[in-house]
Every structure is written in structure tokens, then in C-alpha cells.
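**Q** My structure is in data-v5.tsv, and what it holds is TSV, C-alpha atoms:
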```tsv
chain	number	residue	atom	x	y	z
A	872	MET	CA	-2.21	-10.25	-3.08
A	873	ILE	CA	-2.41	-12.29	0.13
A	874	ARG	CA	-6.00	-12.70	1.28
A	875	THR	CA	-8.60	-15.17	2.46
A	876	ALA	CA	-10.61	-17.14	-0.07
A	877	ARG	CA	-13.90	-15.92	-1.45
A	878	PRO	CA	-16.95	-17.94	-2.50
A	879	GLY	CA	-16.09	-17.27	-6.15
A	880	ASP	CA	-12.60	-18.80	-5.79
A	881	GLY	CA	-13.80	-22.39	-6.01
A	882	ALA	CA	-12.82	-23.02	-9.62
A	883	ALA	CA	-9.42	-21.36	-9.17
A	884	LEU	CA	-8.70	-23.40	-6.05
A	885	HIS	CA	-9.64	-26.63	-7.78
A	886	ALA	CA	-7.46	-25.69	-10.75
A	887	LEU	CA	-4.47	-25.04	-8.47
A	888	TRP	CA	-4.88	-28.37	-6.68
A	889	ALA	CA	-5.25	-30.14	-10.03
A	890	VAL	CA	-1.90	-28.72	-11.13
A	891	CYS	CA	-0.07	-29.60	-7.91
A	892	PHE	CA	-1.90	-32.81	-6.94
A	893	PRO	CA	-3.27	-34.32	-10.18
A	894	THR	CA	-4.30	-37.59	-8.51
A	895	ALA	CA	-5.88	-36.05	-5.37
A	896	ARG	CA	-9.37	-35.52	-6.79
A	897	HIS	CA	-10.88	-35.70	-3.30
A	898	LEU	CA	-9.43	-32.37	-2.10
A	899	PRO	CA	-12.43	-30.21	-3.15
A	900	ALA	CA	-14.82	-32.54	-1.29
A	901	LEU	CA	-12.69	-32.41	1.87
A	902	HIS	CA	-12.43	-28.63	1.62
A	903	ALA	CA	-16.22	-28.35	1.37
A	904	LEU	CA	-16.68	-30.12	4.74
A	905	ASP	CA	-15.89	-26.92	6.68
A	906	PRO	CA	-18.72	-24.35	6.51
A	907	GLY	CA	-16.19	-21.68	7.57
A	908	ARG	CA	-13.68	-22.71	4.92
A	909	HIS	CA	-13.45	-19.35	3.16
A	910	HIS	CA	-12.00	-17.39	6.06
A	911	ARG	CA	-9.75	-20.37	6.92
A	912	THR	CA	-8.36	-20.67	3.40
A	913	PHE	CA	-5.46	-18.32	2.65
A	914	VAL	CA	-4.43	-17.64	-0.92
A	915	ALA	CA	-1.92	-15.70	-2.98
A	916	ALA	CA	-4.05	-14.28	-5.81
A	917	ARG	CA	-3.23	-12.52	-9.05
A	918	THR	CA	-5.32	-9.61	-10.30
A	919	ASP	CA	-6.96	-11.89	-12.89
A	920	GLY	CA	-8.17	-14.29	-10.16
A	921	THR	CA	-5.54	-16.98	-10.76
A	922	LEU	CA	-4.26	-18.42	-7.48
A	923	ASP	CA	-0.53	-18.99	-7.09
A	924	ALA	CA	-0.57	-20.59	-3.63
A	925	VAL	CA	-2.96	-21.82	-0.95
A	926	VAL	CA	-2.83	-22.90	2.69
A	927	VAL	CA	-5.94	-24.33	4.34
A	928	TYR	CA	-6.53	-24.40	8.10
A	929	VAL	CA	-8.92	-27.21	9.02
A	930	PRO	CA	-10.39	-27.07	12.56
A	931	ARG	CA	-10.28	-30.53	14.10
A	932	THR	CA	-11.04	-32.03	17.50
A	933	LEU	CA	-8.17	-34.20	18.76
A	934	ARG	CA	-7.65	-35.93	22.09
A	935	ASP	CA	-4.72	-34.81	24.23
A	936	ALA	CA	-2.46	-36.88	26.48
A	937	THR	CA	-5.29	-37.29	29.00
A	938	GLY	CA	-7.88	-38.18	26.36
A	939	THR	CA	-9.52	-34.75	26.64
A	940	ALA	CA	-10.85	-33.25	23.40
A	941	GLN	CA	-8.99	-30.15	22.20
A	942	ARG	CA	-9.48	-27.85	19.22
A	943	VAL	CA	-6.48	-28.25	16.93
A	944	GLY	CA	-5.66	-26.46	13.69
A	945	GLY	CA	-4.85	-28.90	10.92
A	946	ILE	CA	-2.86	-27.51	8.01
A	947	GLY	CA	-3.52	-29.17	4.67
A	948	SER	CA	-4.03	-28.82	0.91
A	949	VAL	CA	-0.91	-26.62	0.75
A	950	ALA	CA	0.01	-25.93	-2.87
A	951	THR	CA	2.09	-23.51	-4.93
A	952	ARG	CA	2.21	-23.23	-8.71
A	953	PRO	CA	5.63	-24.34	-10.00
A	954	GLU	CA	6.34	-20.92	-11.52
A	955	ALA	CA	5.53	-19.17	-8.21
A	956	ARG	CA	7.78	-21.22	-5.95
A	957	GLY	CA	10.71	-19.69	-4.12
A	958	ARG	CA	8.92	-16.40	-3.40
A	959	GLY	CA	7.99	-17.12	0.22
A	960	LEU	CA	4.27	-17.25	-0.47
A	961	VAL	CA	3.59	-20.28	1.73
A	962	GLY	CA	5.38	-18.61	4.65
A	963	GLU	CA	3.13	-15.56	4.34
A	964	LEU	CA	0.03	-17.72	4.14
A	965	LEU	CA	1.10	-19.76	7.15
A	966	ALA	CA	1.52	-16.56	9.18
A	967	ARG	CA	-2.08	-15.64	8.37
A	968	ALA	CA	-3.20	-19.16	9.32
A	969	VAL	CA	-1.37	-19.00	12.66
A	970	ASP	CA	-3.08	-15.71	13.49
A	971	THR	CA	-6.54	-17.12	12.70
A	972	MET	CA	-5.96	-20.43	14.48
A	973	THR	CA	-4.82	-18.58	17.59
A	974	LYS	CA	-7.81	-16.22	17.53
A	975	GLU	CA	-10.13	-19.22	17.16
A	976	GLY	CA	-8.70	-20.92	20.24
A	977	CYS	CA	-6.67	-23.76	18.73
A	978	ALA	CA	-4.44	-25.36	21.35
A	979	TRP	CA	-1.85	-26.26	18.73
A	980	SER	CA	-1.44	-26.99	15.04
A	981	LEU	CA	-0.70	-30.24	13.24
A	982	LEU	CA	0.40	-31.10	9.72
A	983	PHE	CA	1.97	-33.96	7.80
A	984	THR	CA	4.50	-33.42	5.05
A	985	GLY	CA	7.43	-34.85	3.15
A	986	THR	CA	9.02	-31.39	2.93
A	987	PRO	CA	9.50	-30.25	6.55
A	988	GLY	CA	11.84	-27.42	5.58
A	989	VAL	CA	8.88	-25.50	4.17
A	990	TYR	CA	7.34	-25.28	7.65
A	991	ARG	CA	10.24	-25.06	10.12
A	992	GLY	CA	10.71	-21.34	9.52
A	993	SER	CA	7.07	-20.79	10.51
A	994	GLY	CA	7.42	-22.55	13.86
A	995	TRP	CA	6.43	-26.15	13.15
A	996	ARG	CA	8.72	-28.91	14.42
A	997	GLU	CA	8.90	-32.58	13.51
A	998	PHE	CA	7.74	-35.35	15.80
A	999	HIS	CA	8.28	-39.03	15.19
A	1000	ARG	CA	5.72	-41.82	15.12
A	1001	PRO	CA	6.74	-45.47	15.43
A	1002	ARG	CA	6.37	-47.93	12.59
A	1003	THR	CA	7.51	-51.49	11.96
A	1004	GLU	CA	8.44	-53.02	8.62
A	1005	GLY	CA	9.45	-56.52	7.55
A	1006	ALA	CA	8.97	-59.39	5.15
A	1007	LEU	CA	5.70	-61.29	4.94
A	1008	PRO	CA	6.09	-64.81	6.36
A	1009	ALA	CA	5.85	-67.82	4.09
A	1010	ARG	CA	2.41	-69.36	3.73
A	1011	ASN	CA	1.57	-72.12	6.19
A	1012	GLY	CA	-1.50	-73.45	7.96
A	1013	ARG	CA	-1.05	-71.44	11.13
A	1014	ASN	CA	-0.62	-68.02	9.60
A	1015	ARG	CA	-3.43	-68.72	7.15
A	1016	GLU	CA	-5.99	-69.58	9.83
A	1017	GLY	CA	-5.01	-67.48	12.83
A	1018	THR	CA	-6.87	-68.50	15.96
A	1019	GLY	CA	-9.92	-69.71	14.05
A	1020	ARG	CA	-12.25	-68.01	16.53
A	1021	TYR	CA	-13.15	-65.20	14.16
A	1022	ARG	CA	-14.51	-64.97	10.65
A	1023	VAL	CA	-12.75	-62.21	8.69
A	1024	ARG	CA	-14.37	-60.69	5.62
A	1025	SER	CA	-14.40	-57.49	3.62
A	1026	ALA	CA	-16.36	-54.70	5.29
A	1027	LEU	CA	-19.50	-53.69	3.40
A	1028	PRO	CA	-21.34	-50.34	3.29
A	1029	ALA	CA	-24.01	-51.84	5.55
A	1030	ASP	CA	-21.32	-52.44	8.20
A	1031	ALA	CA	-20.68	-48.70	8.63
A	1032	PRO	CA	-22.63	-48.29	11.92
A	1033	ALA	CA	-20.79	-51.24	13.48
A	1034	VAL	CA	-17.41	-49.96	12.28
A	1035	ILE	CA	-18.13	-46.49	13.66
A	1036	ARG	CA	-19.05	-47.90	17.08
A	1037	LEU	CA	-15.95	-50.10	17.13
A	1038	GLN	CA	-13.57	-47.35	16.05
A	1039	SER	CA	-15.05	-44.78	18.42
A	1040	ALA	CA	-14.78	-47.09	21.41
A	1041	HIS	CA	-11.23	-48.13	20.51
A	1042	ASN	CA	-10.09	-44.49	20.43
A	1043	ALA	CA	-12.26	-43.02	23.18
A	1044	ALA	CA	-9.21	-41.86	25.18
A	1045	ARG	CA	-6.39	-42.30	22.66
A	1046	PRO	CA	-3.97	-39.34	22.51
A	1047	LEU	CA	-3.64	-37.61	19.14
A	1048	SER	CA	-6.66	-39.41	17.66
A	1049	ALA	CA	-9.47	-37.39	16.09
A	1050	VAL	CA	-13.06	-37.28	17.29
A	1051	ARG	CA	-14.83	-38.19	14.05
A	1052	ASP	CA	-18.23	-36.74	13.25
A	1053	ALA	CA	-20.83	-37.89	10.73
A	1054	ASP	CA	-19.28	-35.85	7.91
A	1055	ASP	CA	-15.87	-37.38	8.58
A	1056	TRP	CA	-17.32	-40.86	8.16
A	1057	ARG	CA	-19.31	-39.79	5.11
A	1058	VAL	CA	-16.53	-37.97	3.23
A	1059	ARG	CA	-13.13	-37.87	4.93
A	1060	VAL	CA	-12.66	-41.54	5.81
A	1061	PRO	CA	-13.78	-42.84	2.37
A	1062	ALA	CA	-11.52	-40.25	0.69
A	1063	TRP	CA	-8.42	-41.61	2.39
A	1064	TYR	CA	-9.50	-45.26	2.60
A	1065	GLY	CA	-10.58	-45.54	-1.02
A	1066	PRO	CA	-11.26	-48.52	-3.28
A	1067	ASP	CA	-7.56	-49.37	-3.40
A	1068	CYS	CA	-7.67	-50.27	0.31
A	1069	TRP	CA	-8.62	-53.51	2.02
A	1070	SER	CA	-11.14	-52.90	4.81
A	1071	LEU	CA	-11.46	-56.10	6.85
A	1072	LEU	CA	-13.99	-56.89	9.56
A	1073	ALA	CA	-13.65	-59.72	12.08
A	1074	GLU	CA	-16.70	-61.37	13.68
A	1075	ARG	CA	-17.01	-64.08	16.30
A	1076	ARG	CA	-17.93	-67.34	14.59
A	1077	ARG	CA	-20.58	-67.92	17.21
A	1078	GLY	CA	-22.23	-64.61	16.29
A	1079	GLY	CA	-22.46	-61.14	17.75
A	1080	PRO	CA	-21.24	-57.70	16.69
A	1081	PRO	CA	-17.87	-57.23	14.94
A	1082	SER	CA	-14.85	-57.59	17.21
A	1083	GLY	CA	-12.15	-56.00	15.07
A	1084	TRP	CA	-11.48	-53.84	12.03
A	1085	LEU	CA	-8.38	-53.28	9.92
A	1086	VAL	CA	-7.59	-51.05	6.94
A	1087	ALA	CA	-4.57	-51.74	4.72
A	1088	ARG	CA	-3.39	-50.46	1.36
A	1089	PRO	CA	-0.95	-51.77	-1.25
A	1090	ALA	CA	2.02	-49.41	-1.54
A	1091	GLY	CA	4.98	-49.23	-3.86
A	1092	GLN	CA	5.87	-52.31	-5.88
A	1093	ASP	CA	5.80	-55.01	-3.21
A	1094	ARG	CA	4.51	-53.67	0.12
A	1095	VAL	CA	1.21	-53.45	1.97
A	1096	ASP	CA	0.69	-50.78	4.64
A	1097	VAL	CA	-1.55	-51.32	7.67
A	1098	LEU	CA	-3.12	-47.88	8.15
A	1099	GLU	CA	-5.62	-48.38	10.98
A	1100	THR	CA	-6.88	-51.02	13.37
A	1101	ALA	CA	-9.62	-51.10	15.99
A	1102	ARG	CA	-10.81	-53.86	18.28
A	1103	GLU	CA	-13.03	-54.61	21.21
A	1104	PRO	CA	-10.97	-54.17	24.42
A	1105	ALA	CA	-11.94	-57.62	25.69
A	1106	GLU	CA	-10.86	-59.37	22.48
A	1107	PRO	CA	-7.17	-58.66	21.84
A	1108	ASP	CA	-6.70	-61.93	19.93
A	1109	VAL	CA	-8.89	-60.65	17.11
A	1110	LEU	CA	-5.81	-58.96	15.66
A	1111	THR	CA	-4.29	-62.39	15.08
A	1112	ASP	CA	-7.10	-63.37	12.72
A	1113	LEU	CA	-7.14	-59.97	11.04
A	1114	TYR	CA	-3.38	-60.14	10.45
A	1115	ALA	CA	-3.67	-63.71	9.17
A	1116	GLU	CA	-6.31	-62.76	6.60
A	1117	LEU	CA	-4.36	-59.69	5.53
A	1118	ALA	CA	-1.20	-61.81	5.06
A	1119	LEU	CA	-3.15	-64.21	2.85
A	1120	ARG	CA	-4.57	-61.40	0.71
A	1121	ALA	CA	-1.22	-59.64	0.48
A	1122	ARG	CA	0.59	-62.77	-0.70
A	1123	THR	CA	-2.17	-63.49	-3.20
A	1124	ALA	CA	-1.69	-59.96	-4.57
A	1125	GLY	CA	2.04	-60.58	-4.98
A	1126	ARG	CA	3.12	-58.49	-1.98
A	1127	THR	CA	6.24	-59.52	-0.07
A	1128	ARG	CA	6.62	-56.85	2.60
A	1129	VAL	CA	4.45	-55.14	5.18
A	1130	ARG	CA	4.62	-51.85	7.07
A	1131	LEU	CA	2.67	-51.35	10.32
A	1132	PHE	CA	1.67	-47.81	11.29
A	1133	PRO	CA	-0.65	-48.54	14.27
A	1134	PRO	CA	1.18	-47.99	17.59
A	1135	PRO	CA	2.60	-51.18	19.11
A	1136	CYS	CA	0.70	-52.79	21.97
A	1137	ALA	CA	0.71	-56.22	23.62
A	1138	ALA	CA	-1.99	-57.55	21.27
A	1139	SER	CA	-0.26	-56.32	18.12
A	1140	ARG	CA	3.08	-57.72	19.24
A	1141	ARG	CA	1.52	-61.15	19.75
A	1142	ALA	CA	-0.11	-60.99	16.32
A	1143	ALA	CA	2.91	-59.54	14.50
A	1144	PRO	CA	4.45	-62.91	13.49
A	1145	LEU	CA	1.38	-63.47	11.31
A	1146	LEU	CA	2.43	-60.48	9.21
A	1147	ILE	CA	6.19	-60.11	9.70
A	1148	ALA	CA	8.58	-63.04	9.33
A	1149	ALA	CA	10.88	-63.78	12.28
A	1150	GLY	CA	14.16	-61.92	12.11
A	1151	THR	CA	13.02	-59.41	9.49
A	1152	ALA	CA	11.27	-56.79	11.62
A	1153	VAL	CA	12.83	-53.32	11.56
A	1154	GLU	CA	11.64	-50.69	14.02
A	1155	ALA	CA	11.71	-47.19	12.57
A	1156	VAL	CA	9.94	-43.85	12.83
A	1157	ASP	CA	7.69	-41.99	10.45
A	1158	PRO	CA	9.07	-38.42	10.32
A	1159	THR	CA	6.25	-36.70	8.43
A	1160	GLY	CA	4.40	-35.26	11.44
A	1161	MET	CA	4.95	-31.64	12.48
A	1162	ALA	CA	3.37	-29.64	15.30
A	1163	ARG	CA	3.30	-26.03	16.48
A	1164	PRO	CA	2.02	-24.89	19.91
A	1165	LEU	CA	-0.51	-22.06	19.76
A	1166	THR	CA	-2.54	-21.35	22.92
A	1167	GLN	CA	-1.23	-24.40	24.78
A	1168	ALA	CA	2.19	-24.64	26.41
A	1169	PRO	CA	4.80	-26.55	24.37
A	1170	ASP	CA	5.38	-29.13	27.12
A	1171	ARG	CA	1.69	-30.07	27.13
A	1172	VAL	CA	1.70	-30.45	23.36
A	1173	GLY	CA	4.82	-32.58	23.64
A	1174	ARG	CA	3.15	-34.90	26.14
A	1175	THR	CA	0.33	-35.55	23.67
A	1176	LEU	CA	2.69	-36.27	20.79
A	1177	THR	CA	4.77	-38.72	22.82
A	1178	ALA	CA	2.04	-40.33	24.95
A	1179	PRO	CA	1.88	-44.15	24.92
A	1180	GLY	CA	-0.49	-45.34	22.21
A	1181	ALA	CA	-0.72	-41.90	20.59
A	1182	VAL	CA	-1.74	-42.05	16.94
A	1183	HIS	CA	-3.28	-39.85	14.29
A	1184	TRP	CA	-4.93	-42.29	11.90
A	1185	TYR	CA	-4.38	-41.81	8.18
A	1186	GLY	CA	-8.15	-41.66	7.66
A	1187	ASP	CA	-8.20	-38.37	9.60
A	1188	SER	CA	-5.83	-36.59	7.23
A	1189	PHE	CA	-6.70	-32.98	6.41
```
Give the structure from this file in C-alpha cells form.

**A**
Amino acid sequence: MIRTARPGDGAALHALWAVCFPTARHLPALHALDPGRHHRTFVAARTDGTLDAVVVYVPRTLRDATGTAQRVGGIGSVATRPEARGRGLVGELLARAVDTMTKEGCAWSLLFTGTPGVYRGSGWREFHRPRTEGALPARNGRNREGTGRYRVRSALPADAPAVIRLQSAHNAARPLSAVRDADDWRVRVPAWYGPDCWSLLAERRRGGPPSGWLVARPAGQDRVDVLETAREPAEPDVLTDLYAELALRARTAGRTRVRLFPPPCAASRRAAPLLIAAGTAVEAVDPTGMARPLTQAPDRVGRTLTAPGAVHWYGDSF
């Protein structure tokens, strides 16, 4: 039976996610953030209450190409039991999600996946986000110290208000970025930027509020991924010191390569040699993003996805 979730489905949902995503223990907490989650969660249920598949629509507020906030339907926590795959269940659940997202005024829908073929038949299409990858430079005095104008340290729980102000200002008009609320900072951001991440804060040595923030995570056997950055507009050079400290920590941890997901800008290009050795940088695209227009015209959605500086930070994942 295809239906929306019921309050009594919690244990069955958690069991399904545990089967399909055994390391993603944060999914129940993220699901609980939406007070309307039951009618936005679509399941394929057996008569005994076991769930074979689930699709969750997460209402989010994202900025469009002009920086204007829009309601967008995020699709996440999609799962199908191995024995139930190949029966078209996800397609049926996506159709129900599209109907609800449209009725609730979502301009378009967004998801991220490594299996785009599952979603193409339901109207989602890939879009590409830039990324840069290369080898970490060898240790030397310059790339260890950066400019020397900033002190870079690990962010602490007490730094949360300063980080929130910095991140919010940095993304105030950034296309594709999410407008984070208190629950996002309390649950969503820590879920995706967990204890395996490095969260670095840069402060002027002469004092004052933080000037920059960076989140990176070890990945694979030898790489570190830069997932998010934010900085004061008047202090572009703060990225140099953040990159220098990250390079030091990455080398100390035995990492030899780096991948940058933040969109390129003049400040990041100047700072890039601190993280990526000369002659090793490779420009590529991340193909995991997919979008589907709903109440908004496709050309307007396309302008948001391709706008200069557009980014959907990993910490805003659904």
C-alpha cells in the first residue's frame, strides 16, 4: 500500500533506514525537525506494518538567483529494502511527493544522489556544481603561517553565536543557499558536520569578532574535503590563514590531497596555493545535484542553479 506516514510508523521507518543506511544514525533526528513530517513522508507499507520504501519531502527555504527566499521541496532519506527493489516503488512515492510539494507552493524540488537514474523518470534533471581537486603542497614556512594576521583555532560550542552571524551574513544573498533557522543549527548542521570534521575559526590577532570559518572532513584514504567556508566581506585574506591551518592539519593527519567544494571566488583563488600545489589543480564538476521545477518556470530555476557563487552547503543536506 502506498500512503503517507502515520505517527505509529516511527519504529518501522527507523528500521528501514537502519537496513539501508546503517551508518546514518542521524536520519531520525533530522526527520523529527519537521512538525508536518507525517503527511510529507510517503511509504510503501505491508499489511503487517513493515515498510518497504520511503521518500521524504523536506520543506526548505532557499535563495534564488536574486537572493530572494523561496520555498523548495527537498527530497531525502529515500530508501528501499533490498528485496523490494525493482518494483517501481520509489517512482510511485515520488509522484505523491510531487503532488504534495506542488500543493504546498514549492517553487521547485532539489535532491542529491549518486544514482540519478532513479529520479530522471520522475522529472528530476542533473545540474553540475564546480569543484577543484589537487595535491597538498609540501610543508614550508609560508604555507604554514599564511598572512599571520589571523589566529586560527578549532571552533568551540561557545562560538556558535559568532559562527551563525558570520555564516548568515556571508550567504545573505547567495543563490541556492539555505536560510538556516535555530533548529538547523541545533540539529541539522551538527548532524552533517560531525566529530569527524575540522571546524576552524579565524580571529584577528588584535582582537574582535571572528573573521572567517571553515569546515573540512577527511575523506577516503588520503583526501580532505573543504565543505563550507564563510568570511567577513571586508576580510578576503582570512581564507589564506584558514587554508594554511587546514593544510598543516591535513598533512599532520597523513592526508596528501584536497578537494574544494565552495564556489571559486577571487579570495579563494588567491588562497588556493596554500592548499593545492602548483600544477596539480584539476577543475571538475560534482554531478550529484538534481532539480525539478514545480510552480516556478524551468528557466528561472535554471538561473538559480547556474548563478555565479551559487552553492548548497553540505551542512544543509536533507

**Q** Give me, please, the distance in Å between CA of Asn1042 (chain A) and CA of Ala1062 (chain A), quoted to one decimal.

**A**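 Between CA of Asn1042 (chain A) and CA of Ala1062 (chain A) the gap works out to 20.2 Å.
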
**Q** Find the residues with any atom within 9 Å of (4.9, -53.9, 4.5); use all atoms listed in the file and the coordinates as given in the file, and write the answer as a count of residues only.

**A** 20

**Q** Using all atoms listed in the file, pick whichever of A:Pro899, A:Thr1018, A:Thr894, A:His909 has the shortest atom-to-atom distance to Pro878 (chain A).

**A**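 The shortest atom-to-atom distance to Pro878 (chain A) comes from A:His909.
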
**Q** Need the shell around Ala883 (chain A): protein/DNA/RNA residues with any atom at most 9 Å away, counting all atoms listed in the file. Skip same-chain ones fewer than 6 positions apart. Format as a CSV table (one decimal) with C-alpha atoms, in the coordinates of the input?

**A**
```
chain,number,residue,atom,x,y,z
A,920,GLY,CA,-8.2,-14.3,-10.2
A,921,THR,CA,-5.5,-17.0,-10.8
A,922,LEU,CA,-4.3,-18.4,-7.5
```

**Q** Between A:Asp1112, A:Asp935, A:Asp970, A:Asp1054, which is the closest to Arg1171 (chain A) once you count all atoms listed in the file?

**A**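 Of A:Asp1112, A:Asp935, A:Asp970, A:Asp1054, the one nearest Arg1171 (chain A) is A:Asp935, counting all atoms listed in the file.
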
**Q** Measuring between all atoms listed in the file, which one of A:Thr918, A:Thr912, A:Thr1177, A:Ser1025 shows the shortest distance to Arg967 (chain A)?

**A** A:Thr912

**Q** Take CA of Ser948 (chain A) and CA of Pro1032 (chain A) and report the distance between them in Å, one decimal.

**A** 29.1 Å

**Q** For Ala915 (chain A), find every residue with an atom within 7 Å (counting all atoms listed in the file), except residues of its own chain fewer than 3 positions away, and show them as an MDAnalysis selection string.

**A** chainID A and resid 872:874 922:925 960

**Q** Mind pulling up the distance from CA of Asp1052 (chain A) to CA of Gly1180 (chain A)?

**A**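 If I compute the distance from CA of Gly1180 (chain A) to CA of Asp1052 (chain A), I get 21.7 Å.
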
**Q** Write out as a PyMOL selection string which residues come within 7 Å of Leu964 (chain A) when counting all atoms listed in the file, dropping same-chain ones fewer than 5 positions away.

**A** chain A and resi 913-914+926

**Q** Identify, on the basis of only C-alpha atoms, every residue whose closest approach to region 1107-1109 of chain A does not exceed 12 Å; exclude the query and any residue fewer than 2 positions from it along the same chain; express the result as a ChimeraX atom specification.

**A** /A:1016-1023,1041,1071-1076,1081-1085,1100-1105,1111-1116,1136-1143,1145

**Q** Nearest to Trp979 (chain A): which of A:Arg931, A:His902, A:Arg1122, A:Arg991 is it, counting only C-alpha atoms?

**A**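 Ranked by minimum distance to Trp979 (chain A), first place goes to A:Arg931.
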